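Asker: My file is work.pdb. It has PDB, C-alpha atoms and all ligand atoms:
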```
MODEL        1
ATOM      1  CA  MET A 637     166.594  23.095  83.132
ATOM      2  CA  VAL A 638     164.436  20.818  85.177
ATOM      3  CA  SER A 639     162.312  17.845  84.191
ATOM      4  CA  PRO A 640     158.540  18.242  84.706
ATOM      5  CA  PHE A 641     158.605  14.806  86.387
ATOM      6  CA  GLU A 642     161.141  16.145  88.842
ATOM      7  CA  VAL A 643     158.991  19.203  89.549
ATOM      8  CA  LEU A 644     155.921  17.074  90.231
ATOM      9  CA  GLU A 645     157.989  14.453  92.052
ATOM     10  CA  VAL A 646     156.656  11.531  90.011
ATOM     11  CA  ASP A 647     158.360   8.678  88.139
ATOM     12  CA  GLU A 648     158.782   9.087  84.408
ATOM     13  CA  ASP A 649     156.480   6.114  83.770
ATOM     14  CA  ALA A 650     153.702   7.574  85.952
ATOM     15  CA  ASP A 651     150.259   7.255  84.386
ATOM     16  CA  ASP A 652     147.756  10.125  84.052
ATOM     17  CA  GLU A 653     146.134   9.382  87.372
ATOM     18  CA  ALA A 654     149.449   9.403  89.243
ATOM     19  CA  VAL A 655     150.461  12.655  87.538
ATOM     20  CA  GLU A 656     147.138  14.242  88.465
ATOM     21  CA  ARG A 657     147.479  13.087  92.087
ATOM     22  CA  ALA A 658     151.053  14.337  92.295
ATOM     23  CA  TYR A 659     150.038  17.684  90.822
ATOM     24  CA  ARG A 660     147.240  18.222  93.331
ATOM     25  CA  GLU A 661     149.565  17.406  96.214
ATOM     26  CA  ARG A 662     152.486  19.413  94.860
ATOM     27  CA  VAL A 663     150.480  22.508  93.977
ATOM     28  CA  LYS A 664     149.155  22.702  97.534
ATOM     29  CA  ARG A 665     152.683  22.882  98.917
ATOM     30  CA  ALA A 666     153.730  25.395  96.277
ATOM     31  CA  HIS A 667     150.810  27.689  97.065
ATOM     32  CA  PRO A 668     152.007  31.139  98.180
ATOM     33  CA  ASP A 669     149.814  30.866 101.271
ATOM     34  CA  GLN A 670     151.548  27.656 102.280
ATOM     35  CA  GLY A 671     155.110  28.927 102.271
ATOM     36  CA  GLY A 672     155.574  28.492  98.518
ATOM     37  CA  SER A 673     156.022  31.330  96.084
ATOM     38  CA  ILE A 674     154.346  32.529  92.911
ATOM     39  CA  GLU A 675     157.419  31.308  90.976
ATOM     40  CA  GLU A 676     157.208  27.827  92.454
ATOM     41  CA  PHE A 677     153.459  27.769  91.958
ATOM     42  CA  GLN A 678     153.869  28.697  88.295
ATOM     43  CA  LEU A 679     156.630  26.134  87.830
ATOM     44  CA  VAL A 680     154.353  23.376  89.123
ATOM     45  CA  ARG A 681     151.576  24.553  86.800
ATOM     46  CA  ARG A 682     153.960  24.550  83.856
ATOM     47  CA  ALA A 683     155.200  21.061  84.673
ATOM     48  CA  TYR A 684     151.640  19.790  84.820
ATOM     49  CA  ARG A 685     150.749  21.537  81.549
ATOM     50  CA  GLU A 686     153.807  20.011  79.896
ATOM     51  CA  LEU A 687     152.802  16.513  80.943
ATOM     52  CA  SER A 688     149.135  17.077  80.036
ATOM     53  CA  GLU A 689     150.105  18.286  76.580
ATOM     54  CA  ARG A 690     152.364  15.259  76.210
ATOM     55  CA  ASP A 691     149.259  13.105  76.576
ATOM     56  CA  ARG A 692     147.137  15.224  74.245
ATOM     57  CA  ASN A 693     149.848  15.051  71.582
ATOM     58  CA  GLY A 694     150.033  11.270  71.923
ATOM     59  CA  ASP A 695     153.751  11.292  72.623
ATOM     60  CA  GLU A 696     153.659   9.761  76.084
ATOM     61  CA  SER A 697     156.319   7.238  75.182
ATOM     62  CA  GLY A 698     158.345   9.740  73.245
ATOM     63  CA  GLU A 699     158.111   7.496  70.179
ATOM     64  CA  GLU A 700     156.203   9.884  67.945
ATOM     65  CA  ASN A 701     158.634  12.763  67.991
ATOM     66  CA  GLY A 702     161.613  10.998  69.485
ATOM     67  CA  ALA A 703     161.512  13.002  72.703
ATOM     68  CA  GLY A 704     159.635  12.997  75.972
ATOM     69  CA  PRO A 705     158.077  16.073  77.550
ATOM     70  CA  ALA A 706     160.343  19.092  77.318
ATOM     71  CA  ASP A 707     162.418  20.072  80.315
ATOM     72  CA  ILE A 708     161.593  23.459  81.767
ATOM     73  CA  ASP A 709     164.120  26.244  81.474
ATOM     74  CA  LEU A 710     164.141  27.944  84.858
ATOM     75  CA  SER A 711     165.757  31.032  83.406
ATOM     76  CA  ASP A 712     162.715  31.960  81.341
ATOM     77  CA  ASP A 713     159.124  32.661  82.258
ATOM     78  CA  GLY A 714     157.636  29.718  80.426
ATOM     79  CA  ASP A 715     156.132  30.266  77.013
ATOM     80  CA  ALA A 716     157.783  32.768  74.724
ATOM     81  CA  ALA A 717     155.052  35.203  75.667
ATOM     82  CA  GLY A 718     155.381  34.390  79.387
ATOM     83  CA  PRO A 719     152.931  32.481  81.591
ATOM     84  CA  LYS A 720     149.406  32.639  80.270
ATOM     85  CA  PRO A 721     146.620  34.443  82.108
ATOM     86  CA  THR A 722     143.527  32.415  82.922
ATOM     87  CA  ARG A 723     140.285  33.311  81.161
ATOM     88  CA  VAL A 724     137.359  33.537  83.556
ATOM     89  CA  GLU A 725     133.661  33.725  82.776
ATOM     90  CA  PHE A 726     131.796  34.990  85.836
ATOM     91  CA  LEU A 727     128.187  35.261  86.922
ATOM     92  CA  ASP A 728     126.642  37.025  89.922
ATOM     93  CA  TYR A 729     124.690  34.702  92.210
ATOM     94  CA  GLU A 730     122.016  37.381  92.531
ATOM     95  CA  ALA A 731     121.181  36.832  88.867
ATOM     96  CA  VAL A 732     120.952  33.091  89.510
ATOM     97  CA  VAL A 733     118.384  33.793  92.233
ATOM     98  CA  ASP A 734     116.495  36.452  90.269
ATOM     99  CA  TYR A 735     116.048  34.156  87.278
ATOM    100  CA  GLY A 736     115.317  31.047  89.353
ATOM    101  CA  TRP A 737     118.337  29.192  87.928
ATOM    102  CA  SER A 738     120.226  26.433  89.675
ATOM    103  CA  LEU A 739     123.951  26.393  90.412
ATOM    104  CA  ASP A 740     124.357  22.840  89.158
ATOM    105  CA  ASP A 741     122.531  23.508  85.888
ATOM    106  CA  ASP A 742     124.919  22.551  83.046
ATOM    107  CA  GLU A 743     123.252  25.263  80.953
ATOM    108  CA  LEU A 744     123.699  27.994  83.565
ATOM    109  CA  PHE A 745     126.284  30.055  81.693
ATOM    110  CA  ARG A 746     124.510  29.609  78.358
ATOM    111  CA  LYS A 747     121.319  30.945  79.969
ATOM    112  CA  ALA A 748     123.276  33.832  81.489
ATOM    113  CA  GLY A 749     124.675  34.648  78.060
ATOM    114  CA  GLN A 750     121.167  34.949  76.664
ATOM    115  CA  ALA A 751     119.755  36.994  79.541
ATOM    116  CA  ASP A 752     121.345  40.332  78.658
ATOM    117  CA  LEU A 753     122.698  40.846  82.174
ATOM    118  CA  ASP A 754     124.668  43.895  83.293
ATOM    119  CA  PRO A 755     128.411  43.645  82.565
ATOM    120  CA  ASP A 756     129.206  43.439  86.271
ATOM    121  CA  ALA A 757     126.767  40.540  86.697
ATOM    122  CA  HIS A 758     127.966  38.403  83.804
ATOM    123  CA  GLY A 759     131.124  38.760  81.795
ATOM    124  CA  ARG A 760     134.732  37.751  81.410
ATOM    125  CA  LEU A 761     138.032  38.745  82.963
ATOM    126  CA  LEU A 762     141.636  37.622  82.904
ATOM    127  CA  VAL A 763     143.570  36.417  85.943
ATOM    128  CA  GLN A 764     147.285  37.097  85.602
ATOM    129  CA  PRO A 765     149.686  34.378  86.811
ATOM    130  CA  ASP A 766     150.517  36.165  90.059
ATOM    131  CA  GLU A 767     146.955  37.114  91.007
ATOM    132  CA  SER A 768     144.255  35.505  93.078
ATOM    133  CA  LEU A 769     140.803  35.443  91.527
ATOM    134  CA  LEU A 770     139.588  38.229  93.829
ATOM    135  CA  GLU A 771     142.583  40.422  93.014
ATOM    136  CA  ALA A 772     141.931  39.977  89.296
ATOM    137  CA  ALA A 773     138.254  40.886  89.711
ATOM    138  CA  GLU A 774     139.217  44.030  91.617
ATOM    139  CA  ARG A 775     141.890  45.003  89.107
ATOM    140  CA  SER A 776     139.214  44.641  86.427
ATOM    141  CA  GLY A 777     137.022  47.107  88.304
ATOM    142  CA  PHE A 778     134.536  44.697  89.886
ATOM    143  CA  ALA A 779     133.391  44.881  93.511
ATOM    144  CA  TRP A 780     133.149  41.245  94.559
ATOM    145  CA  PRO A 781     132.421  40.498  98.230
ATOM    146  CA  PHE A 782     135.218  39.822 100.715
ATOM    147  CA  SER A 783     136.050  40.329 104.371
ATOM    148  CA  CYS A 784     139.172  38.834 105.976
ATOM    149  CA  ARG A 785     141.150  38.162 102.769
ATOM    150  CA  GLY A 786     142.909  35.375 104.632
ATOM    151  CA  GLY A 787     140.927  32.143 104.323
ATOM    152  CA  ALA A 788     139.030  32.627 107.588
ATOM    153  CA  CYS A 789     135.529  33.345 106.280
ATOM    154  CA  ALA A 790     133.353  32.592 103.295
ATOM    155  CA  ASN A 791     132.476  36.170 102.349
ATOM    156  CA  CYS A 792     134.572  35.867  99.201
ATOM    157  CA  ALA A 793     133.235  32.421  98.254
ATOM    158  CA  VAL A 794     132.613  31.500  94.640
ATOM    159  CA  TYR A 795     131.056  28.443  93.060
ATOM    160  CA  LEU A 796     133.235  26.720  90.524
ATOM    161  CA  ALA A 797     131.181  25.586  87.528
ATOM    162  CA  ALA A 798     134.205  24.672  85.381
ATOM    163  CA  GLY A 799     137.982  24.583  85.793
ATOM    164  CA  GLU A 800     139.930  24.466  89.048
ATOM    165  CA  LEU A 801     140.947  27.041  91.609
ATOM    166  CA  SER A 802     143.594  26.276  94.235
ATOM    167  CA  GLN A 803     142.675  26.129  97.867
ATOM    168  CA  PRO A 804     145.316  26.439 100.578
ATOM    169  CA  THR A 805     145.103  23.804 103.284
ATOM    170  CA  ASP A 806     144.369  26.078 106.254
ATOM    171  CA  HIS A 807     141.088  27.523 105.079
ATOM    172  CA  ILE A 808     137.633  27.531 106.550
ATOM    173  CA  MET A 809     135.750  25.799 103.725
ATOM    174  CA  PRO A 810     134.568  22.357 104.882
ATOM    175  CA  ASP A 811     135.505  19.417 102.664
ATOM    176  CA  ASP A 812     131.919  18.647 101.687
ATOM    177  CA  LEU A 813     131.391  22.195 100.397
ATOM    178  CA  ALA A 814     134.752  22.169  98.627
ATOM    179  CA  GLU A 815     133.767  18.904  96.963
ATOM    180  CA  ARG A 816     130.550  20.552  95.795
ATOM    181  CA  GLY A 817     132.579  23.272  94.083
ATOM    182  CA  PHE A 818     132.725  26.098  96.620
ATOM    183  CA  ARG A 819     136.071  27.903  96.772
ATOM    184  CA  LEU A 820     137.515  31.088  98.267
ATOM    185  CA  SER A 821     138.412  33.763  95.743
ATOM    186  CA  CYS A 822     140.726  35.819  97.985
ATOM    187  CA  ASN A 823     143.438  33.164  98.089
ATOM    188  CA  GLY A 824     142.426  30.950  95.176
ATOM    189  CA  TYR A 825     144.795  30.861  92.204
ATOM    190  CA  PRO A 826     143.614  29.324  88.914
ATOM    191  CA  LEU A 827     144.996  25.870  88.175
ATOM    192  CA  THR A 828     143.445  25.695  84.723
ATOM    193  CA  ASP A 829     143.575  27.973  81.687
ATOM    194  CA  GLU A 830     139.828  28.621  81.867
ATOM    195  CA  LEU A 831     137.345  28.975  84.701
ATOM    196  CA  SER A 832     133.602  29.518  85.012
ATOM    197  CA  VAL A 833     132.623  30.871  88.428
ATOM    198  CA  VAL A 834     129.536  32.173  90.171
ATOM    199  CA  PHE A 835     130.601  34.859  92.638
ATOM    200  CA  ASN A 836     128.655  36.342  95.557
ATOM    201  CA  VAL A 837     127.509  32.911  96.734
ATOM    202  CA  LYS A 838     127.995  33.891 100.394
ATOM    203  CA  GLN A 839     124.230  34.299 100.617
ATOM    204  CA  ARG A 840     123.757  30.554 100.135
ATOM    205  CA  PRO A 841     122.328  29.038 103.354
ATOM    206  CA  GLU A 842     125.065  26.389 103.599
ATOM    207  CA  LEU A 843     127.634  29.194 103.955
ATOM    208  CA  ASP A 844     125.719  31.093 106.671
ATOM    209  CA  ASP A 845     127.902  29.895 109.550
ATOM    210  CA  LEU A 846     131.097  30.824 107.725
ATOM    211  CA  ILE A 847     130.236  34.435 107.013
ATOM    212  CA  LEU A 848     131.807  37.292 108.961
ATOM    213  CA  PRO A 849     129.394  40.075 109.952
ATOM    214  CA  PRO A 850     129.730  43.409 108.156
ATOM    215  CA  GLY A 851     132.818  45.336 109.270
ATOM    216  CA  PRO A 852     135.059  48.142 108.061
ATOM    217  CA  PHE A 853     136.783  45.912 105.515
ATOM    218  CA  THR A 854     133.736  43.982 104.367
ATOM    219  CA  ARG A 855     132.564  44.638 100.832
ATOM    220  CA  ARG A 856     128.835  44.110 100.159
TER     221      ARG A 856
HETATM  222  S1  LIG B 901     137.643  37.125 102.409
HETATM  223 FE1  LIG B 901     137.657  35.805 104.113
HETATM  224  S2  LIG B 901     138.357  33.939 103.233
HETATM  225 FE2  LIG B 901     138.380  35.291 101.542
ENDMDL
END
```
Spell out the structure here as structure tokens.
Answerer:
Amino acid sequence: MVSPFEVLEVDEDADDEAVERAYRERVKRAHPDQGGSIEEFQLVRRAYRELSERDRNGDESGEENGAGPADIDLSDDGDAAGPKPTRVEFLDYEAVVDYGWSLDDDELFRKAGQADLDPDAHGRLLVQPDESLLEAAERSGFAWPFSCRGGACANCAVYLAAGELSQPTDHIMPDDLAERGFRLSCNGYPLTDELSVVFNVKQRPELDDLILPPGPFTRR
């Protein structure tokens, strides 16, 4: 058993902001592309979920139910049913262009839901705990763009409208674009239980310089 505070390397009296900061730092180091492992990555996610649920349940001090956040049993896979997959709603950027929508429109996914788009342009998929977003899309039968599969281009870029997707530190995405919500799907692992993403955003002008030219392993 291990305490979620121990996993996130924060004091037990850490406030929400400190927990959030610690999580973001810790999850980067646990990322499989940074020398971590899927198991460590999942453990960090579980620790963060445990502490987040502590706050939602109002038992931060442990007074309500007489106990603090539960320790994590390293011998099991998390919940009784195992780690949860992440639910993803996706939208093809080509539809955004065709309909004249805007990426930062809060109503974007509602509009997509009413537009009767093809199932490969708008729909939902599940990302299993050991999958990147791109791997999950491919397993679900979708042909999302990619090239290097290693963080060195933006061919696999997605725009994050809701939720959070991890980003290893040695990737090509500039900070300003990452802050605006652009992420790489080939090595991005969901950090939240739900995501809304626009894929195929490599055709955005701000990503032009980061795109690899078509090659034998380039899709689309
Ligand atoms: S395919 Fe090149 S960074 Fe994802």
Asker: Could you name the residues that touch A:Ala772 at 7 Å or less, counting only C-alpha atoms, but leaving out those on the same chain fewer than 5 positions away, as a list in words?
Answerer: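 The residues satisfying every condition are Leu762, Val763 and Glu767 of chain A.
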Asker: Could you list, as an mmCIF file with C-alpha atoms, in the coordinates of the input, every residue matched by the PyMOL selection byres (((not hetatm)) within 7 of (chain B and resi 901)) in this structure?
Answerer:
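So result.cif came out as:
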```
data_model
loop_
_atom_site.group_PDB
_atom_site.id
_atom_site.type_symbol
_atom_site.label_atom_id
_atom_site.label_comp_id
_atom_site.auth_asym_id
_atom_site.auth_seq_id
_atom_site.Cartn_x
_atom_site.Cartn_y
_atom_site.Cartn_z
ATOM 1 C CA PHE A 782 135.218 39.822 100.715
ATOM 2 C CA SER A 783 136.050 40.329 104.371
ATOM 3 C CA CYS A 784 139.172 38.834 105.976
ATOM 4 C CA ARG A 785 141.150 38.162 102.769
ATOM 5 C CA GLY A 786 142.909 35.375 104.632
ATOM 6 C CA GLY A 787 140.927 32.143 104.323
ATOM 7 C CA ALA A 788 139.030 32.627 107.588
ATOM 8 C CA CYS A 789 135.529 33.345 106.280
ATOM 9 C CA ALA A 790 133.353 32.592 103.295
ATOM 10 C CA ASN A 791 132.476 36.170 102.349
ATOM 11 C CA CYS A 792 134.572 35.867 99.201
ATOM 12 C CA ALA A 793 133.235 32.421 98.254
ATOM 13 C CA LEU A 820 137.515 31.088 98.267
ATOM 14 C CA SER A 821 138.412 33.763 95.743
ATOM 15 C CA CYS A 822 140.726 35.819 97.985
ATOM 16 C CA ASN A 823 143.438 33.164 98.089
#
```
Asker: Nearest residue to A:Leu846 out of A:Leu687, A:Glu815, A:Ser673, A:Pro810, using all atoms listed in the file?
Answerer: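 For A:Leu846, the nearest of the candidates is A:Pro810.
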Asker: Leaving out A:Trp780 and any residue of its chain fewer than 3 positions from it, which residues lie within 12 Å of it when counting all atoms listed in the file, given as JSON, numbers by chain?
Answerer: {"A": [726, 727, 728, 729, 730, 756, 757, 769, 770, 771, 772, 773, 774, 775, 776, 777, 783, 785, 791, 792, 793, 794, 820, 821, 822, 834, 835, 836, 837, 838, 854, 855, 856]}
Asker: Restricting it to C-alpha atoms, dump the selection as a PDB file, keeping the file's coordinate frame.
Answerer:
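New file selection.pdb:
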```pdb
ATOM      1  CA  PHE A 726     131.796  34.990  85.836  1.00  0.00           C
ATOM      2  CA  LEU A 727     128.187  35.261  86.922  1.00  0.00           C
ATOM      3  CA  ASP A 728     126.642  37.025  89.922  1.00  0.00           C
ATOM      4  CA  TYR A 729     124.690  34.702  92.210  1.00  0.00           C
ATOM      5  CA  GLU A 730     122.016  37.381  92.531  1.00  0.00           C
ATOM      6  CA  ASP A 756     129.206  43.439  86.271  1.00  0.00           C
ATOM      7  CA  ALA A 757     126.767  40.540  86.697  1.00  0.00           C
ATOM      8  CA  LEU A 769     140.803  35.443  91.527  1.00  0.00           C
ATOM      9  CA  LEU A 770     139.588  38.229  93.829  1.00  0.00           C
ATOM     10  CA  GLU A 771     142.583  40.422  93.014  1.00  0.00           C
ATOM     11  CA  ALA A 772     141.931  39.977  89.296  1.00  0.00           C
ATOM     12  CA  ALA A 773     138.254  40.886  89.711  1.00  0.00           C
ATOM     13  CA  GLU A 774     139.217  44.030  91.617  1.00  0.00           C
ATOM     14  CA  ARG A 775     141.890  45.003  89.107  1.00  0.00           C
ATOM     15  CA  SER A 776     139.214  44.641  86.427  1.00  0.00           C
ATOM     16  CA  GLY A 777     137.022  47.107  88.304  1.00  0.00           C
ATOM     17  CA  SER A 783     136.050  40.329 104.371  1.00  0.00           C
ATOM     18  CA  ARG A 785     141.150  38.162 102.769  1.00  0.00           C
ATOM     19  CA  ASN A 791     132.476  36.170 102.349  1.00  0.00           C
ATOM     20  CA  CYS A 792     134.572  35.867  99.201  1.00  0.00           C
ATOM     21  CA  ALA A 793     133.235  32.421  98.254  1.00  0.00           C
ATOM     22  CA  VAL A 794     132.613  31.500  94.640  1.00  0.00           C
ATOM     23  CA  LEU A 820     137.515  31.088  98.267  1.00  0.00           C
ATOM     24  CA  SER A 821     138.412  33.763  95.743  1.00  0.00           C
ATOM     25  CA  CYS A 822     140.726  35.819  97.985  1.00  0.00           C
ATOM     26  CA  VAL A 834     129.536  32.173  90.171  1.00  0.00           C
ATOM     27  CA  PHE A 835     130.601  34.859  92.638  1.00  0.00           C
ATOM     28  CA  ASN A 836     128.655  36.342  95.557  1.00  0.00           C
ATOM     29  CA  VAL A 837     127.509  32.911  96.734  1.00  0.00           C
ATOM     30  CA  LYS A 838     127.995  33.891 100.394  1.00  0.00           C
ATOM     31  CA  THR A 854     133.736  43.982 104.367  1.00  0.00           C
ATOM     32  CA  ARG A 855     132.564  44.638 100.832  1.00  0.00           C
ATOM     33  CA  ARG A 856     128.835  44.110 100.159  1.00  0.00           C
TER      34      ARG A 856
END
```
Asker: Which residue gives the smallest distance to A:Glu648 among A:Pro804, A:Gly671, A:Pro705, A:Pro849, with only C-alpha atoms counted?
Answerer: A:Pro705
Asker: Suppose you want the space between atom CA of A:Tyr825 and atom CA of A:Asp651; what is it in Å?
Answerer: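 Computing it gives 25.5 Å between the two atoms.
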Asker: Have a look at atom CA of A:Pro781 and atom CA of A:Arg681 and let me know their distance in Å, one decimal.
Answerer: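 Atom CA of A:Pro781 sits 27.4 Å away from atom CA of A:Arg681.
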Asker: Any idea what the distance is between atom CA of A:Ala658 and atom CA of A:Glu686?
Answerer: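 Going from atom CA of A:Ala658 over to atom CA of A:Glu686 covers 13.9 Å.
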Asker: Using only C-alpha atoms, which of the listed residues (A:Gln764, A:Ser639, A:Gln839, A:Ser832) sits closest to A:Leu744?
Answerer: A:Ser832
Asker: Under the rule that only C-alpha atoms are counted, which of A:Leu831, A:Ala798, A:Ile674, A:Leu679 is the nearest residue to A:Val638?
Answerer: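 The closest residue to A:Val638 is A:Leu679.
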Asker: Set the distance at 12 Å and use all atoms listed in the file: which residues neighbour A:Lys720 once local chain neighbours fewer than 5 positions away are removed? I'd like the list as a PDB file with C-alpha atoms, in the frame of the given file.
Answerer:
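So part-v9.pdb came out as:
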```pdb
ATOM      1  CA  GLN A 678     153.869  28.697  88.295  1.00  0.00           C
ATOM      2  CA  ARG A 681     151.576  24.553  86.800  1.00  0.00           C
ATOM      3  CA  ARG A 682     153.960  24.550  83.856  1.00  0.00           C
ATOM      4  CA  ARG A 685     150.749  21.537  81.549  1.00  0.00           C
ATOM      5  CA  ASP A 713     159.124  32.661  82.258  1.00  0.00           C
ATOM      6  CA  GLY A 714     157.636  29.718  80.426  1.00  0.00           C
ATOM      7  CA  ASP A 715     156.132  30.266  77.013  1.00  0.00           C
ATOM      8  CA  LEU A 762     141.636  37.622  82.904  1.00  0.00           C
ATOM      9  CA  VAL A 763     143.570  36.417  85.943  1.00  0.00           C
ATOM     10  CA  GLN A 764     147.285  37.097  85.602  1.00  0.00           C
ATOM     11  CA  PRO A 765     149.686  34.378  86.811  1.00  0.00           C
ATOM     12  CA  ASP A 766     150.517  36.165  90.059  1.00  0.00           C
ATOM     13  CA  GLU A 767     146.955  37.114  91.007  1.00  0.00           C
ATOM     14  CA  PRO A 826     143.614  29.324  88.914  1.00  0.00           C
ATOM     15  CA  LEU A 827     144.996  25.870  88.175  1.00  0.00           C
ATOM     16  CA  THR A 828     143.445  25.695  84.723  1.00  0.00           C
ATOM     17  CA  ASP A 829     143.575  27.973  81.687  1.00  0.00           C
ATOM     18  CA  GLU A 830     139.828  28.621  81.867  1.00  0.00           C
TER      19      GLU A 830
END
```
Asker: Please provide the set of residues having any atom within 7 Å of A:Leu761, restricted to all atoms listed in the file, with same-chain residues fewer than 5 positions apart removed, written as a PyMOL selection string.
Answerer: chain A and resi 723-725+776
Asker: Save the residues we just selected, C-alpha atoms, as a PDB file, keeping the file's coordinate frame?
Answerer:
```pdb
ATOM      1  CA  ARG A 723     140.285  33.311  81.161  1.00  0.00           C
ATOM      2  CA  VAL A 724     137.359  33.537  83.556  1.00  0.00           C
ATOM      3  CA  GLU A 725     133.661  33.725  82.776  1.00  0.00           C
ATOM      4  CA  SER A 776     139.214  44.641  86.427  1.00  0.00           C
TER       5      SER A 776
END
```
Asker: Find, counting all atoms listed in the file, the residue in A:Phe641, A:Phe778, A:Phe818, A:Phe745 that gets nearest to A:Ala706.
Answerer: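 Of all the options, A:Phe641 lies closest to A:Ala706.
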Asker: Which centre and which edge lengths, in Å to one decimal, describe the axis-aligned box that holds all listed atoms of stretch 780-787 of chain A after 6 Å is added on each side, as AutoDock Vina command-line options?
Answerer:
```
--center_x 137.7 --center_y 36.7 --center_z 100.3 --size_x 22.5 --size_y 21.1 --size_z 23.4
```
Asker: Find, counting only C-alpha atoms, the residue in A:Glu642, A:Glu800, A:Asp734, A:Asp845 that gets nearest to A:Arg660.
Answerer: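 Counting only C-alpha atoms, the residue closest to A:Arg660 is A:Glu800.
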